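Dumped work04.cif below, it's mmCIF, C-alpha atoms and all ligand atoms:
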data_my_file
loop_
_atom_site.label_atom_id
_atom_site.label_comp_id
_atom_site.auth_asym_id
_atom_site.auth_seq_id
_atom_site.Cartn_x
_atom_site.Cartn_y
_atom_site.Cartn_z
CA MET A 19 0.00 0.00 0.00
CA ARG A 20 1.26 3.44 -0.87
CA PHE A 21 0.71 6.62 1.16
CA ASP A 22 1.45 9.96 -0.54
CA ILE A 23 1.73 12.71 2.05
CA LEU A 24 1.61 16.36 0.97
CA THR A 25 3.06 18.62 3.65
CA ILE A 26 5.00 21.84 4.19
CA PHE A 27 7.00 20.04 6.92
CA PRO A 28 8.27 16.75 5.46
CA GLN A 29 11.01 16.52 8.11
CA MET A 30 8.38 16.10 10.82
CA PHE A 31 7.71 12.58 9.55
CA SER A 32 11.20 11.17 9.76
CA GLY A 33 11.03 10.02 13.40
CA PRO A 34 7.59 8.41 13.72
CA LEU A 35 7.58 6.71 10.32
CA SER A 36 11.13 5.41 10.44
CA GLU A 37 11.01 3.43 13.69
CA SER A 38 9.60 0.13 14.83
CA ILE A 39 6.73 -1.53 12.97
CA LEU A 40 6.30 1.08 10.24
CA LYS A 41 10.03 0.97 9.53
CA ARG A 42 9.95 -2.82 9.16
CA ALA A 43 6.81 -2.68 7.02
CA GLN A 44 8.54 -0.27 4.64
CA GLN A 45 11.70 -2.35 4.52
CA ALA A 46 9.62 -5.43 3.75
CA GLY A 47 7.88 -3.58 0.90
CA LEU A 48 4.44 -3.90 2.54
CA ILE A 49 3.92 -0.17 2.66
CA GLU A 50 5.51 2.76 0.90
CA ILE A 51 5.40 6.31 2.27
CA VAL A 52 6.13 9.09 -0.20
CA LEU A 53 6.57 12.58 1.24
CA ARG A 54 6.02 15.58 -1.00
CA ASP A 55 7.02 19.10 0.02
CA ILE A 56 4.16 21.41 -0.91
CA ARG A 57 6.51 24.41 -0.87
CA ALA A 58 8.39 23.01 -3.88
CA TYR A 59 5.27 23.76 -5.94
CA ALA A 60 5.02 27.43 -5.02
CA THR A 61 5.14 29.67 -8.06
CA ASP A 62 6.33 32.98 -6.60
CA ARG A 63 9.81 34.20 -5.73
CA HIS A 64 9.28 33.79 -1.98
CA LYS A 65 7.96 30.24 -2.33
CA SER A 66 4.88 31.17 -0.32
CA THR A 67 2.24 28.56 0.41
CA ASP A 68 -0.27 30.83 2.18
CA ASP A 69 -1.87 34.24 1.87
CA TYR A 70 -4.28 36.57 3.68
CA PRO A 71 -7.97 35.61 3.74
CA PHE A 72 -10.33 37.55 1.49
CA GLY A 73 -12.83 39.36 3.69
CA GLY A 74 -10.30 39.80 6.48
CA GLY A 75 -9.97 37.92 9.71
CA ALA A 76 -7.22 36.18 11.63
CA GLY A 77 -4.76 33.69 10.22
CA MET A 78 -3.62 32.68 6.78
CA VAL A 79 -5.08 30.43 4.10
CA MET A 80 -3.21 27.85 2.00
CA LYS A 81 -3.11 28.90 -1.65
CA PRO A 82 -5.04 26.73 -4.11
CA GLU A 83 -2.49 26.70 -6.93
CA VAL A 84 0.37 25.39 -4.75
CA LEU A 85 -1.79 22.58 -3.40
CA TYR A 86 -3.15 21.82 -6.86
CA ARG A 87 0.31 21.57 -8.43
CA ALA A 88 1.58 19.34 -5.59
CA LEU A 89 -1.42 17.08 -6.02
CA ALA A 90 -1.08 17.11 -9.82
CA ASP A 91 2.51 15.92 -9.53
CA THR A 92 1.41 13.19 -7.13
CA LEU A 93 -1.12 12.02 -9.71
CA GLY A 94 1.24 12.35 -12.69
CA MET A 95 -0.55 15.28 -14.33
CA LEU A 96 1.67 18.26 -13.51
CA ALA A 97 2.77 18.88 -17.11
CA GLN A 98 -0.85 19.00 -18.25
CA VAL A 99 -1.82 21.30 -15.38
CA ASP A 100 1.07 23.68 -16.08
CA ALA A 101 0.32 23.71 -19.81
CA GLU A 102 -3.16 25.15 -19.13
CA PRO A 103 -2.79 27.60 -16.25
CA GLU A 104 -6.26 29.14 -16.72
CA ARG A 105 -8.24 25.93 -16.49
CA LEU A 106 -9.09 23.39 -13.81
CA ILE A 107 -8.05 20.01 -15.20
CA PRO A 108 -10.29 17.27 -13.80
CA LEU A 109 -8.52 14.59 -11.75
CA PRO A 110 -8.32 11.13 -13.33
CA ALA A 111 -11.51 9.17 -12.65
CA ASP A 112 -9.54 6.36 -11.00
CA HIS A 113 -7.51 8.57 -8.65
CA PRO A 114 -6.80 7.25 -5.15
CA PRO A 115 -8.83 8.71 -2.26
CA ILE A 116 -7.60 12.22 -1.48
CA LEU A 117 -7.86 12.95 2.23
CA LEU A 118 -7.48 16.34 3.84
CA MET A 119 -6.42 16.39 7.50
CA SER A 120 -8.58 19.02 9.19
CA PRO A 121 -10.27 19.55 12.56
CA ALA A 122 -13.51 20.14 10.63
CA GLY A 123 -13.47 16.66 9.09
CA GLU A 124 -15.33 13.47 9.93
CA LEU A 125 -14.00 11.79 13.07
CA PHE A 126 -11.36 9.15 12.42
CA ASN A 127 -12.02 5.79 14.09
CA GLN A 128 -11.21 2.11 13.71
CA ARG A 129 -14.06 1.57 11.26
CA LEU A 130 -12.68 4.28 8.98
CA ALA A 131 -9.15 2.89 9.37
CA GLU A 132 -10.44 -0.51 8.22
CA GLU A 133 -12.20 1.07 5.26
CA LEU A 134 -9.10 3.02 4.20
CA ALA A 135 -6.90 -0.08 4.55
CA GLN A 136 -8.85 -1.63 1.65
CA HIS A 137 -7.23 0.80 -0.79
CA GLU A 138 -3.86 0.26 -2.46
CA ARG A 139 -3.06 3.95 -2.36
CA LEU A 140 -4.08 7.01 -0.33
CA VAL A 141 -3.16 10.66 -0.70
CA LEU A 142 -3.06 12.65 2.56
CA ILE A 143 -2.89 16.44 2.53
CA CYS A 144 -1.78 18.19 5.70
CA GLY A 145 -3.77 21.38 6.17
CA HIS A 146 -2.27 24.41 7.91
CA TYR A 147 -2.99 27.89 9.22
CA GLU A 148 -6.70 28.76 9.22
CA GLY A 149 -7.33 26.22 6.49
CA ILE A 150 -7.08 25.74 2.75
CA ASP A 151 -8.73 27.67 -0.06
CA GLU A 152 -12.26 26.31 -0.44
CA ARG A 153 -11.99 26.02 -4.24
CA PHE A 154 -9.17 23.48 -3.91
CA ARG A 155 -11.17 21.53 -1.33
CA GLU A 156 -14.16 21.45 -3.67
CA CYS A 157 -12.26 20.35 -6.76
CA CYS A 158 -9.82 17.94 -5.27
CA VAL A 159 -10.60 16.61 -1.78
CA ASP A 160 -12.64 13.42 -1.43
CA ARG A 161 -12.77 13.31 2.34
CA GLU A 162 -11.85 15.54 5.26
CA ILE A 163 -10.62 13.69 8.32
CA SER A 164 -10.23 14.86 11.92
CA ILE A 165 -8.42 12.72 14.48
CA GLY A 166 -10.30 14.27 17.39
CA ASP A 167 -12.21 17.25 18.67
CA TYR A 168 -9.21 19.46 19.33
CA VAL A 169 -7.07 21.68 17.14
CA LEU A 170 -3.48 20.79 16.27
CA THR A 171 -0.93 23.19 14.83
CA GLY A 172 -1.23 21.41 11.49
CA GLY A 173 -2.34 18.21 9.79
CA GLU A 174 1.03 16.44 10.04
CA LEU A 175 0.46 14.67 13.37
CA ALA A 176 -3.02 13.71 12.18
CA ALA A 177 -1.59 12.22 8.97
CA MET A 178 0.90 10.18 11.01
CA VAL A 179 -1.94 8.86 13.16
CA VAL A 180 -3.95 7.86 10.09
CA VAL A 181 -0.96 6.20 8.38
CA ASP A 182 -0.09 4.27 11.53
CA ALA A 183 -3.64 3.06 12.22
CA VAL A 184 -4.20 2.05 8.58
CA ALA A 185 -0.78 0.50 7.90
CA ARG A 186 -0.98 -1.87 10.87
CA LEU A 187 -4.18 -3.35 9.39
CA ARG A 188 -2.46 -4.35 6.16
CA PRO A 189 -1.66 -8.05 5.79
CA GLY A 190 1.79 -8.95 7.08
CA VAL A 191 2.48 -5.70 8.95
CA LEU A 192 1.57 -7.26 12.33
CA ALA A 193 1.58 -10.90 13.39
CA ALA A 194 -1.59 -12.66 12.20
CA ASP A 195 -4.51 -12.41 14.68
CA SER A 196 -3.07 -9.54 16.69
CA THR A 197 -5.76 -7.13 15.53
CA ALA A 198 -8.62 -9.58 16.13
CA GLU A 199 -9.65 -8.81 19.71
CA GLU A 200 -8.02 -5.47 20.34
CA SER A 201 -9.89 -2.37 21.42
CA HIS A 202 -12.43 -1.16 18.84
CA SER A 203 -11.95 -4.17 16.54
CA ASP A 204 -15.62 -5.08 16.97
CA GLY A 205 -16.79 -2.00 18.78
CA LEU A 206 -15.62 -3.12 22.24
CA LEU A 207 -12.61 -2.19 24.33
CA GLU A 208 -9.87 -4.71 24.98
CA TYR A 209 -9.75 -7.21 27.88
CA PRO A 210 -6.99 -6.80 30.52
CA HIS A 211 -3.64 -8.51 29.92
CA TYR A 212 -1.27 -10.19 32.39
CA THR A 213 2.20 -11.67 32.08
CA ARG A 214 4.66 -13.39 34.44
CA PRO A 215 5.06 -13.55 37.39
CA ALA A 216 1.66 -14.99 38.39
CA LEU A 217 2.07 -13.29 41.78
CA TRP A 218 3.59 -9.81 41.62
CA ARG A 219 4.10 -7.92 44.89
CA GLY A 220 1.16 -9.75 46.39
CA GLN A 221 -1.08 -9.10 43.36
CA ALA A 222 -2.38 -12.31 41.77
CA VAL A 223 -3.33 -12.91 38.15
CA PRO A 224 -7.04 -13.88 37.78
CA PRO A 225 -7.02 -17.69 38.37
CA VAL A 226 -9.03 -18.48 35.22
CA LEU A 227 -6.07 -17.37 33.09
CA LEU A 228 -3.87 -20.04 34.72
CA SER A 229 -6.51 -22.77 34.38
CA GLY A 230 -5.64 -23.83 30.84
CA HIS A 231 -9.39 -24.04 30.14
CA HIS A 232 -9.67 -22.26 26.80
CA ALA A 233 -13.45 -21.90 26.71
CA ASN A 234 -13.54 -20.40 30.21
CA ILE A 235 -10.70 -18.03 29.34
CA ALA A 236 -12.49 -16.90 26.19
CA ARG A 237 -15.71 -16.33 28.14
CA TRP A 238 -13.90 -14.38 30.87
CA ARG A 239 -12.17 -12.19 28.31
CA ARG A 240 -15.40 -11.47 26.49
CA GLU A 241 -17.04 -10.48 29.80
CA GLN A 242 -14.12 -8.23 30.65
CA ARG A 243 -14.41 -6.50 27.29
CA LEU A 244 -18.13 -5.94 27.76
CA LEU A 245 -17.80 -4.67 31.34
CA ARG A 246 -14.91 -2.36 30.53
CA THR A 247 -16.80 -0.89 27.60
CA LEU A 248 -19.91 -0.46 29.77
CA ARG A 249 -17.93 1.36 32.48
CA ARG A 250 -15.62 3.46 30.31
CA ARG A 251 -17.35 4.04 26.96
CA PRO A 252 -21.02 2.97 27.23
CA GLU A 253 -21.88 4.86 24.04
CA LEU A 254 -19.77 2.35 22.08
CA LEU A 255 -22.21 -0.43 22.97
CA ARG A 256 -24.76 1.12 20.65
CA GLN A 257 -22.63 0.19 17.62
CA ALA A 258 -21.01 -3.02 18.95
CA ARG A 259 -21.75 -6.47 17.60
CA LEU A 260 -23.41 -8.16 20.59
CA THR A 261 -24.76 -11.66 21.09
CA GLU A 262 -27.75 -12.63 23.25
CA ASP A 263 -25.31 -13.73 25.98
CA ASP A 264 -23.55 -10.36 25.77
CA LEU A 265 -26.84 -8.53 26.14
CA ALA A 266 -27.84 -10.66 29.13
CA LEU A 267 -24.54 -9.95 30.89
CA LEU A 268 -24.79 -6.23 30.19
CA ARG A 269 -28.35 -6.07 31.52
CA ARG A 270 -27.30 -7.92 34.69
CA SER A 271 -24.56 -5.33 35.07
CA GLY A 272 -26.94 -2.41 34.97
CA TRP A 273 -26.99 -1.53 31.30
CA GLU A 274 -30.29 -0.05 30.23
CA PRO A 275 -30.53 -0.10 26.47
CA GLY A 276 -33.76 1.91 26.60
CA THR A 277 -32.06 5.04 27.93
CA GLY A 278 -30.37 6.04 24.72
CA ASP A 279 -27.93 3.12 24.57
CA VAL A 280 -30.24 1.10 22.36
CA THR A 281 -29.51 -2.46 21.35
CA PRO A 282 -28.50 -2.93 17.72
N1 LIG B 1 -5.40 19.74 11.90
C1 LIG B 1 -5.56 20.48 13.02
N2 LIG B 1 -6.27 19.82 13.94
C2 LIG B 1 -6.59 18.61 13.39
C3 LIG B 1 -7.34 17.50 13.84
N3 LIG B 1 -7.91 17.47 15.05
N4 LIG B 1 -7.47 16.45 13.02
C4 LIG B 1 -6.92 16.47 11.79
N5 LIG B 1 -6.20 17.50 11.31
C5 LIG B 1 -6.05 18.56 12.10
#
Once you've parsed the file, please lay out its structure as structure tokens.
Amino acid sequence: MRFDILTIFPQMFSGPLSESILKRAQQAGLIEIVLRDIRAYATDRHKSTDDYPFGGGAGMVMKPEVLYRALADTLGMLAQVDAEPERLIPLPADHPPILLMSPAGELFNQRLAEELAQHERLVLICGHYEGIDERFRECCVDREISIGDYVLTGGELAAMVVVDAVARLRPGVLAADSTAEESHSDGLLEYPHYTRPALWRGQAVPPVLLSGHHANIARWRREQRLLRTLRRRPELLRQARLTEDDLALLRRSGWEPGTGDVTP
């Protein structure tokens, strides 16, 4: 899978994307991350990527032509775009999804990560300042994505979060099965984990985990996932895939689906 990242700060990516699992995934050829410096596509002497907003107001706005040329190069159509500077050249019909990182976007979550991981290529644009020129967003952005209800200094950290969450879902990036029962994989939080020693400073591991009884362990873990989700993030239960047994346990534990947390 290939990620094209358009940014005015390509150096920001060198640490997070060149360590650990993402580093190995790139070395193994499972993912490719291509960084493109938006500033290289500026057309004026000062290489500016932003300008004052029409109508006044605080902050700066990213210029449409710089973004458009950076994107055109990413999609192999820069020569065509530069040959006709007065016209908007439509993007190829089969272009990869073009995602703009922005606090005004749809909220990123595991479901969206899974959806994006189905593609062989994604283009991520890191927004900056007050935002980007609306005409570029209208012509060229398929989806706006926010990683949370807070405002970052730019889209770079958000793009790293999206690349990380999507890349780890690609086949071969993690050991098989390791994404099966983790938090959010089916709308529930994860069960608690324990490792050796079985008794640590007087604190014992739950005996069922030492029993060797696989069915009991699986049941205990499922219950832990349900109870944790109920206590910490009850709103997630509305979207979770729940069995009759799950529902019975939740009701015994005080869950009232009628009060807004309706059963699916
Ligand atoms: N840029 C600034 N804040 C952001 C956010 N919360 N998500 C994505 N991009 C952003």
Return as CSV the residues of chain A lying at most 12 Å from ligand LIG 1 (chain B), together with the closest atom-to-atom pair for each and the distance in Å to one decimal, counting all atoms listed in the file, with rows in chain order and ascending residue number.
residue,atom,partner,partner_atom,distance
A:Thr25,CA,B:LIG1,N1,11.9
A:Leu117,CA,B:LIG1,C4,10.2
A:Leu118,CA,B:LIG1,N5,7.7
A:Met119,CA,B:LIG1,N5,4.0
A:Ser120,CA,B:LIG1,N5,3.5
A:Pro121,CA,B:LIG1,C3,3.8
A:Ala122,CA,B:LIG1,C3,7.4
A:Gly123,CA,B:LIG1,C4,7.1
A:Glu124,CA,B:LIG1,N4,9.0
A:Leu125,CA,B:LIG1,N4,8.0
A:Phe126,CA,B:LIG1,N4,8.3
A:Asn127,CA,B:LIG1,N4,11.6
A:Leu142,CA,B:LIG1,N5,10.5
A:Ile143,CA,B:LIG1,N5,9.4
A:Cys144,CA,B:LIG1,N5,7.2
A:Gly145,CA,B:LIG1,N1,6.2
A:His146,CA,B:LIG1,N1,6.9
A:Tyr147,CA,B:LIG1,C1,8.7
A:Glu148,CA,B:LIG1,C1,9.2
A:Gly149,CA,B:LIG1,N1,8.7
A:Ile150,CA,B:LIG1,N1,11.1
A:Arg161,CA,B:LIG1,C4,11.6
A:Glu162,CA,B:LIG1,C4,8.2
A:Ile163,CA,B:LIG1,C4,5.8
A:Ser164,CA,B:LIG1,N4,3.4
A:Ile165,CA,B:LIG1,N4,4.1
A:Gly166,CA,B:LIG1,N3,4.6
A:Asp167,CA,B:LIG1,N3,5.6
A:Tyr168,CA,B:LIG1,N3,4.9
A:Val169,CA,B:LIG1,N2,3.8
A:Leu170,CA,B:LIG1,N2,3.8
A:Thr171,CA,B:LIG1,C1,5.7
A:Gly172,CA,B:LIG1,N1,4.5
A:Gly173,CA,B:LIG1,N1,4.0
A:Glu174,CA,B:LIG1,N5,7.4
A:Leu175,CA,B:LIG1,N5,7.5
A:Ala176,CA,B:LIG1,C4,4.8
A:Ala177,CA,B:LIG1,C4,7.4
A:Met178,CA,B:LIG1,C4,10.1
A:Val179,CA,B:LIG1,C4,9.2
A:Val180,CA,B:LIG1,C4,9.3
Writer output for current selection, C-alpha atoms, as a PDB file, in the frame of the given file:
ATOM      1  CA  THR A  25       3.060  18.620   3.650  1.00  0.00           C
ATOM      2  CA  LEU A 117      -7.860  12.950   2.230  1.00  0.00           C
ATOM      3  CA  LEU A 118      -7.480  16.340   3.840  1.00  0.00           C
ATOM      4  CA  MET A 119      -6.420  16.390   7.500  1.00  0.00           C
ATOM      5  CA  SER A 120      -8.580  19.020   9.190  1.00  0.00           C
ATOM      6  CA  PRO A 121     -10.270  19.550  12.560  1.00  0.00           C
ATOM      7  CA  ALA A 122     -13.510  20.140  10.630  1.00  0.00           C
ATOM      8  CA  GLY A 123     -13.470  16.660   9.090  1.00  0.00           C
ATOM      9  CA  GLU A 124     -15.330  13.470   9.930  1.00  0.00           C
ATOM     10  CA  LEU A 125     -14.000  11.790  13.070  1.00  0.00           C
ATOM     11  CA  PHE A 126     -11.360   9.150  12.420  1.00  0.00           C
ATOM     12  CA  ASN A 127     -12.020   5.790  14.090  1.00  0.00           C
ATOM     13  CA  LEU A 142      -3.060  12.650   2.560  1.00  0.00           C
ATOM     14  CA  ILE A 143      -2.890  16.440   2.530  1.00  0.00           C
ATOM     15  CA  CYS A 144      -1.780  18.190   5.700  1.00  0.00           C
ATOM     16  CA  GLY A 145      -3.770  21.380   6.170  1.00  0.00           C
ATOM     17  CA  HIS A 146      -2.270  24.410   7.910  1.00  0.00           C
ATOM     18  CA  TYR A 147      -2.990  27.890   9.220  1.00  0.00           C
ATOM     19  CA  GLU A 148      -6.700  28.760   9.220  1.00  0.00           C
ATOM     20  CA  GLY A 149      -7.330  26.220   6.490  1.00  0.00           C
ATOM     21  CA  ILE A 150      -7.080  25.740   2.750  1.00  0.00           C
ATOM     22  CA  ARG A 161     -12.770  13.310   2.340  1.00  0.00           C
ATOM     23  CA  GLU A 162     -11.850  15.540   5.260  1.00  0.00           C
ATOM     24  CA  ILE A 163     -10.620  13.690   8.320  1.00  0.00           C
ATOM     25  CA  SER A 164     -10.230  14.860  11.920  1.00  0.00           C
ATOM     26  CA  ILE A 165      -8.420  12.720  14.480  1.00  0.00           C
ATOM     27  CA  GLY A 166     -10.300  14.270  17.390  1.00  0.00           C
ATOM     28  CA  ASP A 167     -12.210  17.250  18.670  1.00  0.00           C
ATOM     29  CA  TYR A 168      -9.210  19.460  19.330  1.00  0.00           C
ATOM     30  CA  VAL A 169      -7.070  21.680  17.140  1.00  0.00           C
ATOM     31  CA  LEU A 170      -3.480  20.790  16.270  1.00  0.00           C
ATOM     32  CA  THR A 171      -0.930  23.190  14.830  1.00  0.00           C
ATOM     33  CA  GLY A 172      -1.230  21.410  11.490  1.00  0.00           C
ATOM     34  CA  GLY A 173      -2.340  18.210   9.790  1.00  0.00           C
ATOM     35  CA  GLU A 174       1.030  16.440  10.040  1.00  0.00           C
ATOM     36  CA  LEU A 175       0.460  14.670  13.370  1.00  0.00           C
ATOM     37  CA  ALA A 176      -3.020  13.710  12.180  1.00  0.00           C
ATOM     38  CA  ALA A 177      -1.590  12.220   8.970  1.00  0.00           C
ATOM     39  CA  MET A 178       0.900  10.180  11.010  1.00  0.00           C
ATOM     40  CA  VAL A 179      -1.940   8.860  13.160  1.00  0.00           C
ATOM     41  CA  VAL A 180      -3.950   7.860  10.090  1.00  0.00           C
TER      42      VAL A 180
END
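Environment of (-11.0, 2.4, 11.8): residues at most 10 Å away, judged by only C-alpha atoms, are Leu125, Phe126, Asn127, Gln128, Arg129, Leu130, Ala131, Glu132, Glu133, Leu134, Ala135, Val180, Ala183, Val184, Leu187, His202 and Ser203 of chain A.
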key: Given all atoms listed in the file as the counted atoms, nearest of A:Val226, A:Ala46, A:Leu109, A:Leu53 to Arg239 in chain A   = A:Val226
request  = Go ahead and compute the interatomic distance for CA of Leu192 in chain A and CA of Leu207 in chain A, in Å to one decimal.
outcome  =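 Result for CA of Leu192 in chain A versus CA of Leu207 in chain A: 19.3 Å, one decimal.
With all atoms listed in the file as the basis for measurement, A:Val84 is the residue among A:Gly94, A:His137, A:Arg237, A:Val84 that approaches Asp69 in chain A most closely.
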request  = For CA of Arg259 in chain A and CA of Arg243 in chain A, determine how far apart the two atoms are, in Å to one decimal place.
outcome  = 12.2 Å
ask   = Can you list, as a VMD selection string, every protein, DNA or RNA residue that comes within 9 Å of Ser66 in chain A when you count all atoms listed in the file, leaving out same-chain residues fewer than 3 positions away?
value = chain A and resid 57 60 to 63 69 81 84
request  = Tell me, in Å to one decimal, how far CA of Pro71 in chain A is from CA of Glu152 in chain A.
outcome  =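 Distance between the two atoms: 11.1 Å.
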query = For Glu208 in chain A, which residue among A:Arg186, A:Arg87, A:His231, A:Arg240 is the nearest when counting all atoms listed in the file?
reply =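 Residue with the minimum atom-to-atom distance to Glu208 in chain A: A:Arg240.
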What's around range 265-271 of chain A at 9 Å? Count all atoms listed in the file, leave out sequence neighbours fewer than 4 positions away in its own chain, and write the answer as a CSV table (one decimal) with C-alpha atoms, in the coordinates of the input.
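So the final result, stored in selection.csv, reads:
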chain,number,residue,atom,x,y,z
A,241,GLU,CA,-17.0,-10.5,29.8
A,244,LEU,CA,-18.1,-5.9,27.8
A,245,LEU,CA,-17.8,-4.7,31.3
A,248,LEU,CA,-19.9,-0.5,29.8
A,260,LEU,CA,-23.4,-8.2,20.6
A,261,THR,CA,-24.8,-11.7,21.1
A,275,PRO,CA,-30.5,-0.1,26.5
A,281,THR,CA,-29.5,-2.5,21.4
key: Nearest to Leu106 in chain A by atom-to-atom distance, counting all atoms listed in the file, from A:Cys157, A:Leu85, A:Val141, A:Met80   =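 Checking each candidate against Leu106 in chain A, we get A:Cys157 as the closest.
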For range 266-273 of chain A, take all atoms listed in the file, fit an axis-aligned box around them, add 6 Å to each of the six sides, then output centre and edge lengths in Å rounded to one decimal, as lines of an AutoDock Vina configuration file.
center_x = -26.4
center_y = -6.1
center_z = 32.1
size_x = 15.8
size_y = 21.1
size_z = 17.9
